[in-house]
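The structure appears right after this line, and notes come after that.
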Amino acid sequence: MNPQVLDPNAYLEGLVRNALGELLGEEAAVLPVSLDRPRQPEHGDLGLPCFPYAKALKTNPAQAASMLAERIRPDTLVSEVRPTGPFLNFRFHPKALAENVVRGILEEKEPYGPWASNGLSVVIDFSSPNIAKPFHLGHLRSTVIGAALRRLYRFTGHEVHGINHLGDWGSQFGKIIVAWREWGDEKALQKDPMRHLFDIYVRYQREEKERPELKEQAAEAFRRLESGEENEERAIWKKLRDISLQAFQGPYKRLRVEFDHMTGESFYEDKMEAVIQELEKAGITTVSEGALVVEFPEQKIPPCILRKSDGTTIYATRDLAALFYRRETYHFDKALYVVGSEQKLHFRQLALVLEKLGWPQAKNVQHVDFGLILFFNQEKGRWEKGKTRSGNAIFLDEVLDEAVAGVKKIIEEKNPDLPDKEAIAEAVGVSAIIFNDLKNGRIKDVKFDWNEMLSFEGETGPYVQYAGARLSSILRKAGSSVPAMTQSIASEGGIDFELLSDATPVLLTMMEFGPTLKRALEKNEPSILTNLMIRIASEIHSFLRDHRVLGEDPDLTRARLALVAAGRKILETGLEILGVTSPERM
RNA sequence: GCGCCCGUAGCUCAGUAGGAUAGAGCAUCGGUUUCCUAAACCGAAGGUCACAGGUUCGAAUCCUGUCGGGCGUACCA
């Protein structure tokens, strides 16, 4: 009973690797094995392009495919090994495929359940909003991508430190202090802190142009703040910081985003001096135009500034101090910065500084960059950066509220008797926004479009959630559940997996879960997983059209319920990594 | 000027390390509900993968150039 569960994908890759090893010995280890789904299902369940092996085997790809085929015998899992020109195509026994995938998922075996620890420590720097500026759409990307990566790394066996590197320090704070002195209003602050701070900051920006003395005051304020004294500037800073921190909890809670550390820039206030000294000791600094910098003459890029000519520090100094601290504290093997692509140069500079210091992790300090949010300019007829028509930044809450309202309307239309409408509307609406942000490649600029954001059809979060809700509904009507089906499989006489032979396409797609996570990890790209979730949902919707679950022959119903439970489970697991919920009904 | 990124269907995008006949969604057109949720499904139509060369058995993918768009280019983050 309960023989070992295999990951068919990994198993087959192992067979190919063995065969390559037999033919080529150690040389085989460096060759890629990229099994993928053939475009034409008739070709097989998985196909292997044999072009890369031809050279090593001193033959042509077709011959290479045949040579490999001779060394891979069909067995209880693999039913067919067929060279087709330069490709080597495989087919699984449908029954064995079904059993291994369904059980793998329900019993939470790797790669469908949490992966065993790999002992690697990863720090992920994400979200990092500026204090005293509202949480707007721009922060959404870093937050949502970072949160997904944090979950992805954790799921795949990494020790993860998700850090919110709050923008709570820096010369901009001098401006905010001045703005607060000039126009701050206690009542307005209590009522809507972020809105008020935003308003006075915007006002500062405007008035700075006409009143140059403001600029001086702001610089002075930051100098006094950075002096370390318990002065008025520090009191204002602390007050505004606390209230902002409080206000950020709202969006984070709605997005279900968590951090392991909330160490913002100010955390490094007393740690920068030591780092500067260490860099000086390493002999990589120079003084240029009155500023302390690290120069990169060979790379032809501007220097990294450590201390400005007025003696104060800059974000690069704090980022370096943070890197030193994180190396000490978390012993990271990899450090990811989920920050917009406009800061590319900055992170290139940081990496170069670390290289100069001879840090072995330098190449694993990576900028996980993402594109801008663009708005359509009606007059000019094109997409551009930054502002809406009204000239204000769009607040995140506004977007979430709109989405939730849109969902509520659809519920009233389609499912008015749904219990717990409010909670489900919140879950579906917020998920739609998150999913939408994770759908496309990070690097792409996001074209902000209300219609698209508030659409819940096609490749959207609700579409995937809906597939899950349909599966839940079937389980519910059968008086079963995911845990119950997991039990049922383990019990005597469990499931006749032969009866799932017509589910091969959906099973093959679910089987892509493991390789997909690997690719998402390699590229720090959540959208790769998002796209798989869409494909799994699509396969499920199609399957449900042609296959009834309830009311069939009892054995068939039970087998299909096992598939339904596995589908439900894999959707939930994948969506959870992305930060999207899986409602039981919608 | 220089550096980096992008250009795939009307629109928004996928396209795994160069591999089999370039795929989705939206929009358009046609069909599916006495049947487990039609936020769904099935079908039709839609392409000079910006352009021109090159590399090779093979290029949307790699190289060079051109055009178009974006971001960055020392004391903001």
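In the structure tokens, the first chain shown is A, the next is B, and so on; residue numbers restart at 1 for each chain, and ligands run from 1 in the order shown.
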| task | Could you list, as a list in words, the residues of chain A having an atom within 7 Å of chain B when counting only C-alpha atoms (C1' of nucleotides)? | result | Pro49, Ala291, Pro302, Pro303, Ile305, Lys308, Ser309, Tyr315, Glu342, Leu345, Asn440, Phe456, Glu457, Gly458, Glu459, Pro462, Tyr463, Tyr466, Arg470, Ile474, His541, Ser542, Arg545, Arg548, Val549 and Leu550 of chain A
| task | Apply DSSP to the backbone of this structure and, from range 290-366 of chain A, keep only the residues in helix (DSSP H, G or I); write these as a ChimeraX atom specification. | result | /A:315-330,341-357,360-364
| request: Enter the distance from CA of Pro41 in chain A to CA of Ser79 in chain A, in Å, rounded to one decimal. | output: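 So the two atoms, CA of Pro41 in chain A and CA of Ser79 in chain A, lie 15.2 Å apart.
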| request: Name all residues at most 9 Å from Pro83 in chain A (count only C-alpha atoms (C1' of nucleotides); drop same-chain ones fewer than 2 positions away) and give them as an NGL selection string. | output: :A and (62-63 or 65-66 or 68-69 or 81 or 85-90)
Those selected residues, please, written with N, CA, C and O atoms and delivered as a PDB file, in the first residue's frame.
ATOM      1  N   ALA A  62      19.254  13.821 -34.784  1.00  0.00           N
ATOM      2  CA  ALA A  62      18.327  12.687 -34.904  1.00  0.00           C
ATOM      3  C   ALA A  62      18.989  11.414 -34.371  1.00  0.00           C
ATOM      4  O   ALA A  62      18.374  10.605 -33.666  1.00  0.00           O
ATOM      5  N   GLN A  63      20.255  11.261 -34.738  1.00  0.00           N
ATOM      6  CA  GLN A  63      21.007  10.098 -34.272  1.00  0.00           C
ATOM      7  C   GLN A  63      21.160  10.146 -32.755  1.00  0.00           C
ATOM      8  O   GLN A  63      21.036   9.136 -32.055  1.00  0.00           O
ATOM      9  N   ALA A  65      19.131  11.493 -30.677  1.00  0.00           N
ATOM     10  CA  ALA A  65      17.845  11.113 -30.082  1.00  0.00           C
ATOM     11  C   ALA A  65      17.712   9.596 -30.035  1.00  0.00           C
ATOM     12  O   ALA A  65      17.272   9.018 -29.030  1.00  0.00           O
ATOM     13  N   SER A  66      18.100   8.935 -31.120  1.00  0.00           N
ATOM     14  CA  SER A  66      18.008   7.475 -31.161  1.00  0.00           C
ATOM     15  C   SER A  66      18.938   6.829 -30.141  1.00  0.00           C
ATOM     16  O   SER A  66      18.574   5.852 -29.477  1.00  0.00           O
ATOM     17  N   LEU A  68      19.961   8.026 -27.355  1.00  0.00           N
ATOM     18  CA  LEU A  68      19.387   8.177 -26.012  1.00  0.00           C
ATOM     19  C   LEU A  68      18.216   7.218 -25.835  1.00  0.00           C
ATOM     20  O   LEU A  68      18.061   6.583 -24.793  1.00  0.00           O
ATOM     21  N   ALA A  69      17.409   7.116 -26.873  1.00  0.00           N
ATOM     22  CA  ALA A  69      16.216   6.270 -26.795  1.00  0.00           C
ATOM     23  C   ALA A  69      16.597   4.832 -26.463  1.00  0.00           C
ATOM     24  O   ALA A  69      15.913   4.150 -25.694  1.00  0.00           O
ATOM     25  N   VAL A  81       9.036   5.783 -25.348  1.00  0.00           N
ATOM     26  CA  VAL A  81      10.226   6.592 -25.598  1.00  0.00           C
ATOM     27  C   VAL A  81      10.442   6.561 -27.096  1.00  0.00           C
ATOM     28  O   VAL A  81      10.818   5.534 -27.649  1.00  0.00           O
ATOM     29  N   GLY A  85      12.690  12.408 -35.349  1.00  0.00           N
ATOM     30  CA  GLY A  85      13.681  13.332 -35.874  1.00  0.00           C
ATOM     31  C   GLY A  85      14.628  13.725 -34.755  1.00  0.00           C
ATOM     32  O   GLY A  85      15.079  12.866 -33.993  1.00  0.00           O
ATOM     33  N   PRO A  86      14.890  15.013 -34.624  1.00  0.00           N
ATOM     34  CA  PRO A  86      15.850  15.465 -33.617  1.00  0.00           C
ATOM     35  C   PRO A  86      15.258  15.551 -32.209  1.00  0.00           C
ATOM     36  O   PRO A  86      15.925  16.011 -31.291  1.00  0.00           O
ATOM     37  N   PHE A  87      14.020  15.142 -32.056  1.00  0.00           N
ATOM     38  CA  PHE A  87      13.392  15.187 -30.735  1.00  0.00           C
ATOM     39  C   PHE A  87      13.240  13.787 -30.178  1.00  0.00           C
ATOM     40  O   PHE A  87      13.087  12.820 -30.919  1.00  0.00           O
ATOM     41  N   LEU A  88      13.267  13.717 -28.864  1.00  0.00           N
ATOM     42  CA  LEU A  88      12.984  12.460 -28.197  1.00  0.00           C
ATOM     43  C   LEU A  88      11.709  12.672 -27.391  1.00  0.00           C
ATOM     44  O   LEU A  88      11.684  13.483 -26.472  1.00  0.00           O
ATOM     45  N   ASN A  89      10.675  11.949 -27.790  1.00  0.00           N
ATOM     46  CA  ASN A  89       9.379  12.184 -27.160  1.00  0.00           C
ATOM     47  C   ASN A  89       9.011  11.069 -26.196  1.00  0.00           C
ATOM     48  O   ASN A  89       9.301   9.905 -26.443  1.00  0.00           O
ATOM     49  N   PHE A  90       8.366  11.486 -25.117  1.00  0.00           N
ATOM     50  CA  PHE A  90       7.994  10.537 -24.066  1.00  0.00           C
ATOM     51  C   PHE A  90       6.499  10.587 -23.811  1.00  0.00           C
ATOM     52  O   PHE A  90       5.872  11.625 -23.969  1.00  0.00           O
TER      53      PHE A  90
END
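Secondary structure by DSSP on the backbone puts the following residues of range 101-259 of chain A in strand (DSSP E): Ser121, Val122, Val123, Ile124, Asp125, Glu159, Val160, His161, Gly162 and Ile163 of chain A.
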Residue selection dump (N, CA and C atoms) as a compact mmCIF listing (two decimals), in the first residue's frame:
# COMPACT_ATOMS: atom_id res chain seq x y z
N SER A 121 20.40 31.42 2.69
CA SER A 121 19.74 32.57 3.30
C SER A 121 19.58 33.69 2.27
N VAL A 122 18.36 34.20 2.18
CA VAL A 122 18.06 35.23 1.18
C VAL A 122 17.41 36.42 1.87
N VAL A 123 17.91 37.60 1.61
CA VAL A 123 17.20 38.77 2.10
C VAL A 123 16.51 39.45 0.92
N ILE A 124 15.29 39.84 1.14
CA ILE A 124 14.53 40.51 0.09
C ILE A 124 14.08 41.86 0.61
N ASP A 125 14.52 42.87 -0.07
CA ASP A 125 14.23 44.25 0.31
C ASP A 125 13.09 44.70 -0.58
N GLU A 159 15.87 30.14 3.57
CA GLU A 159 15.62 30.93 4.77
C GLU A 159 15.49 32.37 4.29
N VAL A 160 14.33 32.96 4.51
CA VAL A 160 14.06 34.26 3.89
C VAL A 160 13.91 35.36 4.93
N HIS A 161 14.50 36.50 4.63
CA HIS A 161 14.30 37.69 5.45
C HIS A 161 13.70 38.77 4.58
N GLY A 162 12.40 38.97 4.73
CA GLY A 162 11.73 40.02 3.98
C GLY A 162 11.84 41.32 4.76
N ILE A 163 12.44 42.31 4.15
CA ILE A 163 12.73 43.54 4.87
C ILE A 163 12.02 44.72 4.23
| note | One residue among A:Trp169, A:Leu471, A:Lys444, A:Thr76 is nearest to G7 in chain B when using only C-alpha atoms (C1' of nucleotides), and that residue is A:Lys444
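Considering only C-alpha atoms, the residue among A:Glu27, A:Glu208, A:Asp192, A:Glu280 positioned nearest to Lys55 in chain A is A:Glu27.
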| said: Residues near C29 in chain B, anyone? I mean within 12 Å using only C-alpha atoms (C1' of nucleotides), not counting same-chain ones fewer than 5 positions away, as a ChimeraX atom specification. | reply: /B:43-46
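Here CA of Glu110 in chain A stands at a distance of 24.7 Å from CA of Ala469 in chain A.
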